[in-house]
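Structure data follow from data24.cif (mmCIF, C-alpha atoms):
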```cif
data_structure
loop_
_atom_site.label_atom_id
_atom_site.label_comp_id
_atom_site.auth_asym_id
_atom_site.auth_seq_id
_atom_site.Cartn_x
_atom_site.Cartn_y
_atom_site.Cartn_z
CA MET A 12 -13.06 -22.26 -13.17
CA ASN A 13 -14.69 -19.93 -10.64
CA ASN A 14 -18.38 -19.24 -10.96
CA ILE A 15 -18.16 -15.63 -9.79
CA ILE A 16 -16.43 -13.92 -12.65
CA HIS A 17 -16.64 -10.29 -13.63
CA ALA A 18 -16.20 -9.89 -17.35
CA PRO A 19 -13.47 -7.31 -17.97
CA ALA A 20 -14.68 -3.83 -18.79
CA ARG A 21 -13.29 -2.37 -22.00
CA PRO A 22 -14.73 1.14 -22.19
CA LEU A 23 -14.66 3.01 -25.49
CA SER A 24 -14.49 6.50 -24.01
CA LEU A 25 -12.74 8.18 -21.12
CA ASN A 26 -16.02 9.26 -19.53
CA GLU A 27 -17.23 5.68 -19.54
CA ALA A 28 -13.97 4.58 -17.88
CA LEU A 29 -14.24 7.27 -15.20
CA GLN A 30 -17.82 6.29 -14.45
CA ILE A 31 -16.78 2.65 -13.99
CA LEU A 32 -13.98 3.75 -11.70
CA LYS A 33 -16.37 5.89 -9.68
CA ARG A 34 -18.78 2.97 -9.31
CA GLU A 35 -16.09 0.36 -8.58
CA PRO A 36 -13.11 2.13 -6.97
CA ASP A 37 -11.08 -1.07 -6.48
CA THR A 38 -11.14 -1.94 -10.18
CA ILE A 39 -7.82 -3.21 -11.51
CA ILE A 40 -6.81 -0.79 -14.25
CA LEU A 41 -4.84 -2.24 -17.14
CA GLY A 42 -2.96 -0.20 -19.71
CA GLY A 43 -0.89 -2.83 -21.49
CA GLY A 44 -1.13 -5.23 -18.56
CA THR A 45 2.53 -6.22 -18.80
CA TYR A 46 3.35 -5.50 -15.18
CA SER A 47 0.18 -7.02 -13.77
CA PHE A 48 0.71 -10.16 -15.82
CA SER A 49 4.45 -10.42 -15.23
CA GLY A 50 5.61 -13.07 -12.79
CA LYS A 51 5.99 -10.50 -10.05
CA THR A 52 2.29 -9.84 -9.57
CA TYR A 53 0.88 -12.94 -11.15
CA ASN A 54 -2.81 -13.40 -10.34
CA MET A 55 -2.87 -9.78 -9.19
CA SER A 56 -5.17 -10.20 -6.22
CA GLU A 57 -5.93 -12.83 -3.62
CA ARG A 58 -9.35 -11.33 -2.96
CA PHE A 59 -12.34 -13.49 -3.80
CA PRO A 60 -14.31 -12.77 -5.84
CA ARG A 61 -11.54 -11.07 -7.76
CA PRO A 62 -12.03 -7.34 -8.45
CA GLN A 63 -13.17 -6.30 -11.86
CA ILE A 64 -10.57 -5.59 -14.54
CA MET A 65 -10.85 -2.48 -16.66
CA SER A 66 -8.71 -2.36 -19.78
CA LEU A 67 -8.09 1.05 -21.32
CA ASP A 68 -6.89 -0.32 -24.65
CA ARG A 69 -9.98 0.73 -26.61
CA ILE A 70 -10.05 4.38 -25.58
CA GLU A 71 -8.96 6.31 -28.64
CA GLU A 72 -8.41 9.54 -26.70
CA LEU A 73 -5.69 7.96 -24.60
CA ARG A 74 -3.78 6.68 -27.64
CA ARG A 75 -3.06 10.10 -29.12
CA ILE A 76 0.30 11.78 -29.49
CA SER A 77 0.38 15.51 -30.11
CA ARG A 78 3.25 17.91 -30.50
CA THR A 79 3.42 21.70 -30.43
CA GLU A 80 6.38 24.07 -30.40
CA ARG A 81 6.39 24.04 -26.62
CA TYR A 82 5.71 20.46 -25.65
CA LEU A 83 5.14 16.85 -26.62
CA GLU A 84 1.98 15.29 -25.23
CA LEU A 85 1.60 11.53 -24.94
CA GLY A 86 -1.69 9.78 -24.23
CA ALA A 87 -1.47 7.40 -21.28
CA THR A 88 -2.00 4.24 -23.32
CA VAL A 89 0.45 5.02 -26.12
CA VAL A 90 2.70 1.98 -26.30
CA LEU A 91 6.44 2.43 -25.78
CA GLN A 92 7.39 1.10 -29.22
CA ARG A 93 5.21 3.75 -30.87
CA ILE A 94 6.90 6.49 -28.84
CA LEU A 95 10.29 5.12 -29.85
CA GLN A 96 9.23 5.26 -33.49
CA LEU A 97 8.95 9.06 -33.17
CA GLY A 98 12.73 8.96 -33.31
CA VAL A 99 15.54 10.73 -31.60
CA ASN A 100 14.87 13.99 -33.46
CA ILE A 101 11.52 14.42 -31.74
CA LEU A 102 12.08 12.66 -28.43
CA PRO A 103 14.48 14.08 -25.86
CA HIS A 104 17.64 11.92 -25.83
CA PRO A 105 17.30 10.60 -22.27
CA LEU A 106 13.70 9.52 -22.92
CA TYR A 107 14.72 7.72 -26.10
CA ASP A 108 17.61 5.96 -24.35
CA CYS A 109 15.42 5.02 -21.41
CA LEU A 110 12.62 3.55 -23.54
CA LYS A 111 15.13 1.70 -25.69
CA ALA A 112 16.55 0.09 -22.56
CA ILE A 113 13.17 -1.22 -21.43
CA SER A 114 13.04 -4.96 -22.07
CA SER A 115 12.34 -6.38 -25.53
CA PRO A 116 10.47 -5.11 -28.63
CA GLY A 117 7.63 -7.56 -27.91
CA LEU A 118 7.04 -6.15 -24.47
CA ARG A 119 7.39 -2.58 -25.73
CA GLN A 120 4.56 -3.28 -28.19
CA LEU A 121 2.30 -3.92 -25.19
CA ALA A 122 3.55 -1.72 -22.37
CA THR A 123 2.03 1.75 -22.21
CA ILE A 124 3.68 4.96 -21.03
CA GLY A 125 1.05 5.55 -18.35
CA GLY A 126 1.36 2.03 -17.03
CA THR A 127 5.16 2.19 -17.08
CA CYS A 128 5.05 5.34 -14.93
CA MET A 129 2.98 3.50 -12.35
CA VAL A 130 5.39 0.58 -11.96
CA PRO A 131 7.14 1.19 -8.60
CA GLU A 132 10.54 0.15 -9.95
CA SER A 133 10.25 2.68 -12.77
CA SER A 134 11.48 5.44 -10.45
CA LEU A 135 15.00 4.64 -11.64
CA GLY A 136 13.95 4.49 -15.30
CA ILE A 137 11.16 6.53 -16.78
CA GLY A 138 10.62 8.25 -13.40
CA ILE A 139 13.94 10.05 -13.30
CA VAL A 140 13.76 10.90 -17.00
CA LEU A 141 10.32 12.52 -16.75
CA SER A 142 11.35 14.32 -13.56
CA CYS A 143 14.53 15.60 -15.15
CA LEU A 144 12.60 16.85 -18.19
CA ASP A 145 10.10 18.58 -15.85
CA ALA A 146 7.23 16.60 -17.36
CA SER A 147 3.75 16.86 -15.95
CA VAL A 148 1.01 14.26 -15.67
CA GLU A 149 -2.66 14.98 -16.25
CA LEU A 150 -5.03 13.17 -13.93
CA ARG A 151 -8.74 12.96 -14.66
CA ARG A 152 -11.62 11.97 -12.44
CA ALA A 153 -15.35 12.06 -12.98
CA GLY A 154 -16.09 15.79 -13.06
CA GLY A 155 -12.59 17.24 -12.96
CA SER A 156 -8.93 17.11 -13.88
CA ARG A 157 -5.61 18.33 -12.49
CA LYS A 158 -1.94 18.32 -13.41
CA ILE A 159 0.92 17.23 -11.19
CA PRO A 160 4.69 17.12 -11.78
CA ALA A 161 5.79 13.63 -12.84
CA ALA A 162 8.22 13.50 -9.90
CA ARG A 163 5.29 13.48 -7.47
CA LEU A 164 4.27 10.02 -8.70
CA TYR A 165 7.35 8.71 -6.94
CA GLY A 166 7.07 10.70 -3.75
CA SER A 167 6.28 9.26 -0.35
CA GLY A 168 2.64 10.40 -0.33
CA LYS A 169 -0.20 9.12 -2.47
CA ALA A 170 -0.11 11.18 -5.65
CA ILE A 171 -3.11 9.65 -7.38
CA GLN A 172 -6.42 9.75 -5.51
CA ASP A 173 -9.10 7.09 -5.74
CA GLY A 174 -11.14 7.42 -8.89
CA GLU A 175 -8.37 9.18 -10.81
CA LEU A 176 -6.76 8.06 -14.03
CA ILE A 177 -3.56 9.17 -15.73
CA THR A 178 -4.68 10.51 -19.09
CA ARG A 179 -1.75 12.45 -20.54
CA ILE A 180 1.93 13.06 -20.01
CA ARG A 181 3.24 16.43 -21.13
CA ILE A 182 6.96 16.81 -21.83
CA PRO A 183 8.26 20.35 -22.40
CA ASP A 184 10.34 20.83 -25.53
CA LEU A 185 13.57 22.18 -24.06
CA PRO A 186 16.57 23.23 -26.18
CA LEU A 187 18.92 20.71 -24.56
CA THR A 188 22.56 20.62 -25.59
CA HIS A 189 23.79 17.97 -23.15
CA SER A 190 22.06 14.97 -21.68
CA VAL A 191 22.86 11.71 -19.97
CA TYR A 192 20.85 8.67 -18.94
CA GLU A 193 22.47 5.78 -17.14
CA LEU A 194 21.09 2.79 -15.34
CA PHE A 195 23.31 0.85 -12.94
CA GLY A 196 22.33 -2.62 -11.79
CA GLY A 197 18.91 -4.18 -12.15
CA PRO A 198 15.79 -2.94 -10.35
CA TYR A 199 14.90 -6.44 -9.12
CA ASP A 200 18.34 -7.29 -7.79
CA ARG A 201 19.22 -5.33 -4.64
CA SER A 202 22.71 -6.81 -4.58
CA SER A 203 23.50 -4.94 -7.81
CA HIS A 204 22.95 -1.60 -6.01
CA PRO A 205 20.53 -0.26 -8.61
CA LEU A 206 20.68 3.41 -9.43
CA GLY A 207 19.26 5.46 -12.27
CA ILE A 208 20.84 8.71 -13.35
CA CYS A 209 19.52 11.39 -15.65
CA GLY A 210 20.92 14.80 -16.42
CA THR A 211 20.11 17.50 -18.93
CA ALA A 212 21.66 20.88 -19.54
CA THR A 213 21.58 23.80 -21.92
CA VAL A 214 24.90 25.45 -22.61
CA ASP A 215 25.00 28.59 -24.72
CA LYS A 216 28.07 30.67 -25.51
CA SER A 217 30.22 28.85 -22.96
CA SER A 218 27.72 29.53 -20.22
CA ILE A 219 25.41 27.05 -18.49
CA GLU A 220 21.88 28.36 -18.98
CA SER A 221 20.11 25.57 -17.15
CA ILE A 222 20.95 22.21 -15.64
CA GLN A 223 18.86 19.41 -14.16
CA PHE A 224 20.32 16.33 -12.54
CA VAL A 225 18.30 13.63 -10.82
CA THR A 226 18.94 10.17 -9.51
CA ALA A 227 16.89 7.48 -7.81
CA ASP A 228 16.91 3.99 -6.43
CA ALA A 229 14.12 1.52 -7.26
CA ASN A 230 10.87 2.19 -5.34
CA GLN A 231 12.28 5.38 -3.85
CA THR A 232 11.83 9.12 -4.00
CA ILE A 233 13.50 10.98 -6.84
CA ILE A 234 16.65 12.73 -5.59
CA ARG A 235 17.22 16.25 -6.86
CA ASN A 236 18.92 19.35 -5.50
CA ARG A 237 17.31 22.40 -7.10
CA GLU A 238 19.40 24.80 -5.07
CA LEU A 239 22.58 23.28 -6.44
CA GLU A 240 21.16 23.39 -9.97
CA THR A 241 20.42 27.10 -9.59
CA ASP A 242 23.97 27.74 -8.37
CA ILE A 243 25.53 25.86 -11.29
CA ALA A 244 23.37 27.72 -13.83
CA GLY A 245 25.16 30.82 -15.01
CA GLU A 246 28.67 29.37 -14.55
CA LYS A 247 31.14 29.44 -17.42
CA VAL A 248 32.32 26.17 -18.95
CA PRO A 249 34.68 24.42 -18.66
CA LEU A 250 34.25 24.46 -14.90
CA THR A 251 37.43 24.85 -12.86
CA ASP A 252 38.68 21.98 -10.66
CA LYS A 253 37.72 23.94 -7.57
CA GLU A 254 34.16 24.46 -8.83
CA LEU A 255 33.84 20.83 -9.83
CA GLN A 256 34.97 19.67 -6.41
CA SER A 257 32.66 22.07 -4.60
CA PHE A 258 29.59 21.03 -6.64
CA GLN A 259 30.47 17.37 -6.26
CA GLU A 260 30.73 17.68 -2.50
CA ARG A 261 27.33 19.38 -2.30
CA TRP A 262 25.79 16.65 -4.45
CA GLU A 263 27.37 13.99 -2.25
CA LYS A 264 25.82 15.62 0.82
CA THR A 265 22.42 15.48 -0.91
CA LEU A 266 22.87 11.78 -1.66
CA HIS A 267 23.78 11.02 1.95
CA VAL A 268 20.40 12.34 3.11
CA TYR A 269 18.71 9.43 1.37
CA ASN A 270 18.98 5.80 2.25
CA LEU A 271 21.55 4.84 -0.40
CA SER A 272 24.35 2.30 -0.14
CA ARG A 273 28.00 3.36 -0.31
CA ILE A 274 28.27 2.01 -3.86
CA GLN A 275 25.16 3.89 -4.96
CA VAL A 276 26.50 7.14 -3.49
CA GLU A 277 29.82 6.62 -5.25
CA ARG A 278 28.05 5.92 -8.56
CA GLY A 279 25.86 8.98 -8.17
CA LYS A 280 28.82 11.18 -7.28
CA ARG A 281 31.01 10.06 -10.16
CA SER A 282 28.24 10.31 -12.74
CA PHE A 283 27.50 13.84 -11.60
CA LEU A 284 31.15 14.83 -11.88
CA ARG A 285 31.44 13.25 -15.33
CA PHE A 286 28.33 15.10 -16.49
CA LEU A 287 29.65 18.45 -15.25
CA TYR A 288 33.02 17.75 -16.84
CA ASN A 289 31.36 16.92 -20.19
CA LEU A 290 29.53 20.22 -20.24
CA GLY A 291 32.82 21.87 -21.12
CA LYS A 292 33.39 19.69 -24.16
CA MET B 4 -16.14 -15.57 -20.39
CA ILE B 5 -16.18 -16.93 -23.94
CA LEU B 6 -13.50 -15.70 -26.32
CA SER B 7 -13.67 -16.01 -30.10
CA PHE B 8 -10.56 -15.64 -32.22
CA LEU B 9 -8.66 -17.14 -35.12
CA LEU B 10 -6.02 -19.62 -34.02
CA ASN B 11 -3.65 -20.75 -36.74
CA GLY B 12 -6.22 -19.87 -39.38
CA ALA B 13 -9.17 -21.69 -37.77
CA PRO B 14 -11.95 -19.91 -35.88
CA ILE B 15 -12.05 -21.00 -32.26
CA GLN B 16 -14.13 -20.34 -29.16
CA VAL B 17 -12.72 -20.93 -25.68
CA GLU B 18 -13.74 -20.23 -22.14
CA ALA B 19 -11.17 -18.11 -20.36
CA TYR B 20 -10.77 -16.50 -17.00
CA PRO B 21 -10.31 -12.69 -17.27
CA HIS B 22 -7.40 -12.62 -14.81
CA GLN B 23 -5.54 -15.28 -16.75
CA ASP B 24 -2.76 -14.62 -19.23
CA LEU B 25 -3.16 -15.66 -22.84
CA MET B 26 -0.33 -18.21 -22.66
CA THR B 27 -2.15 -20.20 -19.98
CA THR B 28 -5.40 -20.09 -21.95
CA LEU B 29 -3.69 -21.22 -25.14
CA ARG B 30 -1.84 -24.02 -23.38
CA ASP B 31 -4.70 -25.26 -21.21
CA GLU B 32 -7.69 -24.71 -23.45
CA CYS B 33 -6.27 -24.94 -26.96
CA GLY B 34 -3.42 -27.43 -26.55
CA ILE B 35 -0.73 -25.06 -27.77
CA THR B 36 2.36 -26.48 -26.08
CA SER B 37 5.06 -24.68 -28.05
CA ILE B 38 4.84 -21.65 -25.75
CA ARG B 39 5.94 -21.57 -22.14
CA ARG B 40 6.68 -19.29 -19.24
CA GLY B 41 10.36 -18.31 -19.02
CA SER B 42 12.22 -19.36 -15.92
CA ILE B 43 13.87 -16.02 -15.41
CA GLN B 44 11.74 -13.18 -14.15
CA GLN B 45 10.54 -10.86 -16.89
CA ASN B 46 11.78 -13.30 -19.52
CA SER B 47 8.83 -13.59 -21.83
CA GLY B 48 10.64 -14.70 -24.99
CA LEU B 49 9.50 -18.32 -24.83
CA SER B 50 5.86 -17.26 -24.94
CA MET B 51 6.10 -15.23 -28.14
CA ILE B 52 3.27 -15.64 -30.62
CA LEU B 53 2.10 -13.61 -33.59
CA ILE B 54 -1.04 -11.59 -32.90
CA ASP B 55 -2.42 -9.80 -35.93
CA GLY B 56 1.04 -10.15 -37.46
CA LEU B 57 2.94 -8.69 -34.50
CA PRO B 58 5.29 -10.71 -32.29
CA LEU B 59 4.00 -10.37 -28.72
CA PRO B 60 4.71 -12.19 -25.45
CA SER B 61 1.51 -14.13 -24.68
CA VAL B 62 2.51 -14.49 -21.03
CA MET B 63 2.06 -10.75 -20.52
CA LEU B 64 -1.17 -10.43 -22.42
CA PRO B 65 -4.54 -10.77 -20.71
CA SER B 66 -6.65 -13.49 -22.33
CA PHE B 67 -9.49 -11.14 -23.19
CA ARG B 68 -7.21 -9.15 -25.51
CA ALA B 69 -7.32 -12.13 -27.90
CA GLU B 70 -10.99 -11.45 -28.70
CA GLY B 71 -11.34 -11.07 -32.47
CA CYS B 72 -7.60 -11.40 -33.11
CA ASP B 73 -5.72 -13.55 -35.58
CA ILE B 74 -3.23 -15.65 -33.62
CA LEU B 75 -0.43 -17.64 -35.17
CA THR B 76 1.72 -20.04 -33.16
CA TYR B 77 4.46 -22.50 -34.05
CA GLU B 78 1.84 -25.22 -34.55
CA GLY B 79 0.37 -23.14 -37.36
CA ILE B 80 3.55 -22.99 -39.44
CA ILE B 81 4.79 -26.58 -39.07
CA ASN B 82 3.50 -27.57 -42.50
CA SER B 83 4.61 -24.43 -44.30
CA ASP B 84 7.45 -24.16 -46.82
CA GLU B 85 9.04 -21.51 -44.64
CA HIS B 86 9.30 -23.94 -41.72
CA ARG B 87 11.19 -26.40 -43.89
CA GLU B 88 13.48 -23.65 -45.19
CA ILE B 89 14.21 -22.35 -41.69
CA LEU B 90 15.08 -25.83 -40.40
CA GLN B 91 17.26 -26.42 -43.45
CA SER B 92 19.16 -23.18 -42.92
CA PHE B 93 19.60 -23.87 -39.19
CA GLU B 94 21.00 -27.33 -39.98
CA ARG B 95 23.39 -25.93 -42.60
CA SER B 96 24.67 -23.35 -40.14
CA ASN B 97 25.44 -26.08 -37.59
CA ILE B 98 23.48 -24.44 -34.83
CA ILE B 99 22.63 -26.52 -31.79
CA ILE B 100 19.55 -25.06 -30.15
CA ASN B 101 17.82 -26.02 -26.95
CA PRO B 102 14.68 -27.94 -28.02
CA LEU B 103 12.58 -25.91 -25.58
CA VAL B 104 13.60 -22.74 -27.36
CA LEU B 105 13.41 -24.02 -30.92
CA PRO B 106 9.65 -23.55 -31.64
CA THR B 107 9.66 -19.87 -30.61
CA LEU B 108 12.95 -19.24 -32.40
CA ILE B 109 11.51 -20.75 -35.60
CA LEU B 110 8.29 -18.75 -35.25
CA MET B 111 10.18 -15.49 -34.82
CA THR B 112 12.47 -16.33 -37.73
CA TYR B 113 9.31 -17.04 -39.75
CA TRP B 114 8.06 -13.56 -38.85
CA LEU B 115 11.38 -11.98 -39.79
CA ILE B 116 11.56 -13.59 -43.21
CA THR B 117 7.90 -13.04 -44.10
CA GLU B 118 7.86 -9.38 -43.08
CA ASN B 119 7.96 -7.42 -46.31
CA ARG B 120 10.47 -4.85 -45.15
CA LYS B 121 14.16 -4.60 -44.53
CA ILE B 122 14.88 -5.63 -40.97
CA GLU B 123 18.05 -4.28 -39.45
CA GLU B 124 20.56 -6.55 -37.75
CA HIS B 125 20.01 -4.90 -34.37
CA GLU B 126 16.27 -5.63 -34.66
CA VAL B 127 17.00 -9.30 -35.29
CA ARG B 128 19.40 -9.41 -32.38
CA GLU B 129 16.92 -7.72 -30.09
CA LEU B 130 14.00 -9.92 -31.09
CA LEU B 131 15.82 -13.23 -31.05
CA GLY B 132 18.05 -12.24 -28.14
CA GLU B 133 15.36 -12.88 -25.60
CA ILE B 134 14.64 -16.33 -26.99
CA ALA B 135 18.07 -17.74 -27.75
CA CYS B 136 19.70 -19.34 -24.74
CA ARG B 137 22.95 -18.46 -23.00
CA GLY B 138 25.04 -17.96 -26.15
CA GLY B 139 22.85 -15.05 -27.29
CA VAL B 140 22.29 -14.31 -30.95
CA THR B 141 25.49 -15.50 -32.53
CA SER B 142 26.63 -14.72 -36.04
CA ARG B 143 25.63 -18.28 -36.95
CA ILE B 144 22.02 -17.58 -36.03
CA LEU B 145 22.12 -14.35 -38.02
CA THR B 146 23.54 -16.23 -41.01
CA ALA B 147 20.84 -18.88 -40.68
CA VAL B 148 18.10 -16.23 -40.64
CA GLN B 149 19.60 -14.58 -43.71
CA GLN B 150 19.89 -17.96 -45.43
CA ALA B 151 16.26 -18.85 -44.67
CA HIS B 152 15.27 -15.50 -46.13
CA ASN B 153 17.25 -16.26 -49.30
CA PHE B 154 15.71 -19.75 -49.60
CA ARG B 155 12.24 -18.27 -49.40
CA ARG B 156 13.02 -15.55 -51.93
CA MET B 157 14.39 -18.09 -54.38
CA ARG B 158 11.32 -20.32 -53.99
CA ILE B 159 8.95 -17.41 -54.56
CA GLN B 160 10.91 -16.38 -57.65
CA HIS B 161 10.65 -19.94 -59.03
CA GLU B 162 6.92 -20.02 -58.39
#
```

Representation of the structure as structure tokens:
Amino acid sequence: MNNIIHAPARPLSLNEALQILKREPDTIILGGGTYSFSGKTYNMSERFPRPQIMSLDRIEELRRISRTERYLELGATVVLQRILQLGVNILPHPLYDCLKAISSPGLRQLATIGGTCMVPESSLGIGIVLSCLDASVELRRAGGSRKIPAARLYGSGKAIQDGELITRIRIPDLPLTHSVYELFGGPYDRSSHPLGICGTATVDKSSIESIQFVTADANQTIIRNRELETDIAGEKVPLTDKELQSFQERWEKTLHVYNLSRIQVERGKRSFLRFLYNLGK
Amino acid sequence: MILSFLLNGAPIQVEAYPHQDLMTTLRDECGITSIRRGSIQQNSGLSMILIDGLPLPSVMLPSFRAEGCDILTYEGIINSDEHREILQSFERSNIIINPLVLPTLILMTYWLITENRKIEEHEVRELLGEIACRGGVTSRILTAVQQAHNFRRMRIQHE
């Protein structure tokens, strides 16, 4: 056993955690620790002496769930199983389906929502769902806080600055009438052409009030065409064959901009068409 | 760092490395050999233990999280009546189980039958699904779990 060992920090308050992070910026932050301790990143760091670990499991503030008429707010270290226990009446359908599809109940008892968002492969799971639901993420640092859209976590730039922590995830309570969440392939197997798909829509009196449709590959930017969404909103359902074809072609063009395989493009295209078709049912 | 926790009912103190997972600590420092790392990535079923009454994969848990916890492993239930009843029901159902998988499967079945609530079939399938080998959770395994539950209930009623 090594002689130079930092005992893990287990702060009891958020301020304490932020101070530690300010003092030691390269601290390894653990929510549930499931990703860091999974085979993929076993041992976490080759640096010697190893950086200090900070576990957020004792911070009460980060384990809170609150709900108002307008949104659902989840603390960053709320475990996935506890979110699932809220049930499908409180959780948006795609979020429920996505969390249910994450591994086993044992792992869901450990994995936290904040940690899950930070897993690179989660762009095709929780990433697309939060982006589709227009969720926002609260980031705190010593002496300040800010909110960013969840989709920015999966962008090309660095969304979280040094010394910042994810503290809350806010999901707007939208009156959704249609939703879809699908995951093709496995995030760790490139040969399965992984692709995540999430769509939500509100249809009222045979008219599409709003629609969101996003897709993503593992470790990649979230793909969304807001212009197309705006054009579809306001259309009457069921959509005509001509409209369906036109929207599908525009979506296909969007997919071609990104570095997706032919199979992924085909999957994305067909899922989009199926979703549009189902809006009329 | 020194960790103190209850292991199979006995208080224990072990030295553990903070970056190490709990499974490694339990295997190397406490001689718990019934748990192991799964061969398939993200497969943590073979490392399941009961921590404060909850089934959790020890391979994904940092060692320091064990501080002050009550940990139960397969070694802790070997001499229990439930263990005998589970084995009996597995034998009656003619299930052939990989010996590497058996300890975790028995421990999880122990948890299922001692939980004082109704556990739905899908929960059983989900929990045992990660442990049971290739064949998945067959109806025979489900029957065996149900039978073990009945054996235990009958014994408690007699007592």

For this session: Mind checking which residues fall within 6 Å of stretch 9-25 of chain B, counting all atoms listed in the file, ignoring those fewer than 2 positions away in the same chain, and posting them as a list in words?
Result: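 So the residues in contact are Met4, Ile5, Leu6, Ser7, Thr27, Thr28, Ser61, Val62, Leu64, Pro65, Ser66, Asp73, Ile74, Leu75 and Gly79 of chain B.
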
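For the atom pair formed by atom CA of B:Ala147 and atom CA of B:Ser92, the distance is 5.1 Å, given to one decimal.
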
Exercise. Mind telling me what the PyMOL selection byres ((chain B and resi 84) around 12) catches here, as a list of chain:residue names?
Worked result: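 Applied to this file, the PyMOL selection byres ((chain B and resi 84) around 12) selects B:Gly79, B:Ile80, B:Ile81, B:Asn82, B:Ser83, B:Glu85, B:His86, B:Arg87, B:Glu88, B:Ile89, B:Leu90, B:Gln91, B:Tyr113, B:Ile116, B:Thr117, B:Ala151, B:His152, B:Phe154, B:Arg155, B:Arg156, B:Met157, B:Arg158, B:Ile159.
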
For this session: Hey, list the chain A side of the contact with chain B: 7 Å cut-off, all atoms listed in the file, answer as number ranges by chain.
Result: A: 18-19, 44-45, 48-50, 54, 115-118

Output of the above residues as a PDB file, in the coordinates of the input, restricted to C-alpha atoms:
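Result saved to selection_20.pdb:
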```
ATOM      1  CA  ALA A  18     -16.200  -9.890 -17.350  1.00  0.00           C
ATOM      2  CA  PRO A  19     -13.470  -7.310 -17.970  1.00  0.00           C
ATOM      3  CA  GLY A  44      -1.130  -5.230 -18.560  1.00  0.00           C
ATOM      4  CA  THR A  45       2.530  -6.220 -18.800  1.00  0.00           C
ATOM      5  CA  PHE A  48       0.710 -10.160 -15.820  1.00  0.00           C
ATOM      6  CA  SER A  49       4.450 -10.420 -15.230  1.00  0.00           C
ATOM      7  CA  GLY A  50       5.610 -13.070 -12.790  1.00  0.00           C
ATOM      8  CA  ASN A  54      -2.810 -13.400 -10.340  1.00  0.00           C
ATOM      9  CA  SER A 115      12.340  -6.380 -25.530  1.00  0.00           C
ATOM     10  CA  PRO A 116      10.470  -5.110 -28.630  1.00  0.00           C
ATOM     11  CA  GLY A 117       7.630  -7.560 -27.910  1.00  0.00           C
ATOM     12  CA  LEU A 118       7.040  -6.150 -24.470  1.00  0.00           C
TER      13      LEU A 118
END
```

Problem set entry | Protein, DNA and RNA residues within 9 Å of (11.2, 9.6, -14.8), only C-alpha atoms, as a list in words | Leu106, Cys128, Ser133, Ser134, Leu135, Gly136, Ile137, Gly138, Ile139, Val140, Leu141, Ser142, Cys143, Leu144, Ala146, Ala161, Ala162, Tyr165, Cys209 and Ile233 of chain A

Problem set entry | Test item: the PyMOL selection byres ((chain A and resi 30) around 12) resolved as JSON, numbers by chain | {"A": [20, 22, 23, 24, 25, 26, 27, 28, 29, 31, 32, 33, 34, 35, 36, 38, 65, 151, 152, 153, 154, 174, 175, 176]}

Exercise. Expressed in Å to a single decimal, how great is the separation between atom CA of A:Asn289 and atom CA of A:Leu250?
Worked result: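 Distance between the two atoms: 9.7 Å.
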
For this session: Please write as a list in words the full residue list that the PyMOL selection byres ((chain A and resi 73) around 7) yields on this file.
Result: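 When the PyMOL selection byres ((chain A and resi 73) around 7) is applied to the shown file, the picked residues are Ile70, Glu71, Glu72, Arg74, Arg75, Gly86, Ala87, Thr88, Val89 and Thr178 of chain A.
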
Using C-alpha atoms, can you write the selected residues to a file as a PDB file, keeping the file's coordinate frame?
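Final output, saved to result.pdb:
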```
ATOM      1  CA  ILE A  70     -10.050   4.380 -25.580  1.00  0.00           C
ATOM      2  CA  GLU A  71      -8.960   6.310 -28.640  1.00  0.00           C
ATOM      3  CA  GLU A  72      -8.410   9.540 -26.700  1.00  0.00           C
ATOM      4  CA  ARG A  74      -3.780   6.680 -27.640  1.00  0.00           C
ATOM      5  CA  ARG A  75      -3.060  10.100 -29.120  1.00  0.00           C
ATOM      6  CA  GLY A  86      -1.690   9.780 -24.230  1.00  0.00           C
ATOM      7  CA  ALA A  87      -1.470   7.400 -21.280  1.00  0.00           C
ATOM      8  CA  THR A  88      -2.000   4.240 -23.320  1.00  0.00           C
ATOM      9  CA  VAL A  89       0.450   5.020 -26.120  1.00  0.00           C
ATOM     10  CA  THR A 178      -4.680  10.510 -19.090  1.00  0.00           C
TER      11      THR A 178
END
```

Seminar exercise, completed: Atom pair atom CA of A:Thr265 + atom CA of A:Gly196, distance 21.1 Å

Please give the centre and size of the box around stretch 106-116 of chain B (axis-aligned, containing every atom listed in the file, 6 Å added per side), with values in Å to one decimal and written as JSON.
```
{"center_x": 10.5, "center_y": -17.8, "center_z": -36.9, "size_x": 16.9, "size_y": 23.6, "size_z": 24.6}
```

Exercise. Hey, which of A:Pro160, A:Gly210, A:Gly42, A:Pro105 ends up closest to A:Gln120? Count only C-alpha atoms.
Worked result: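 Using only C-alpha atoms, A:Gln120 sits closest to A:Gly42.
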
Exercise. Skipping near chain neighbours, those fewer than 2 positions away, what residues fall within 12 Å of A:Arg261 using only C-alpha atoms, listed as an MDAnalysis selection string?
Worked result: chainID A and resid 235:240 242:243 254:259 263:268 280 283:284

Problem set entry | Closest of A:Glu132, A:Glu246, A:Asp215, A:Asp68 to A:Thr188 - atom-to-atom distances counting all atoms listed in the file |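 Among A:Glu132, A:Glu246, A:Asp215, A:Asp68, it is A:Asp215 that comes nearest to A:Thr188.
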
Exercise. If you count all atoms listed in the file, which residues fall within 6 Å of A:Glu149, apart from same-chain ones fewer than 2 positions away, as a VMD selection string?
Worked result: chain A and resid 157 to 158 177 to 179

Exercise. With all atoms listed in the file as the basis for distance, which of A:Ser218, A:Pro131, A:Leu110, A:Asp145 is at the shortest distance from A:Tyr199?
Worked result: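 The closest residue to A:Tyr199 is A:Pro131.
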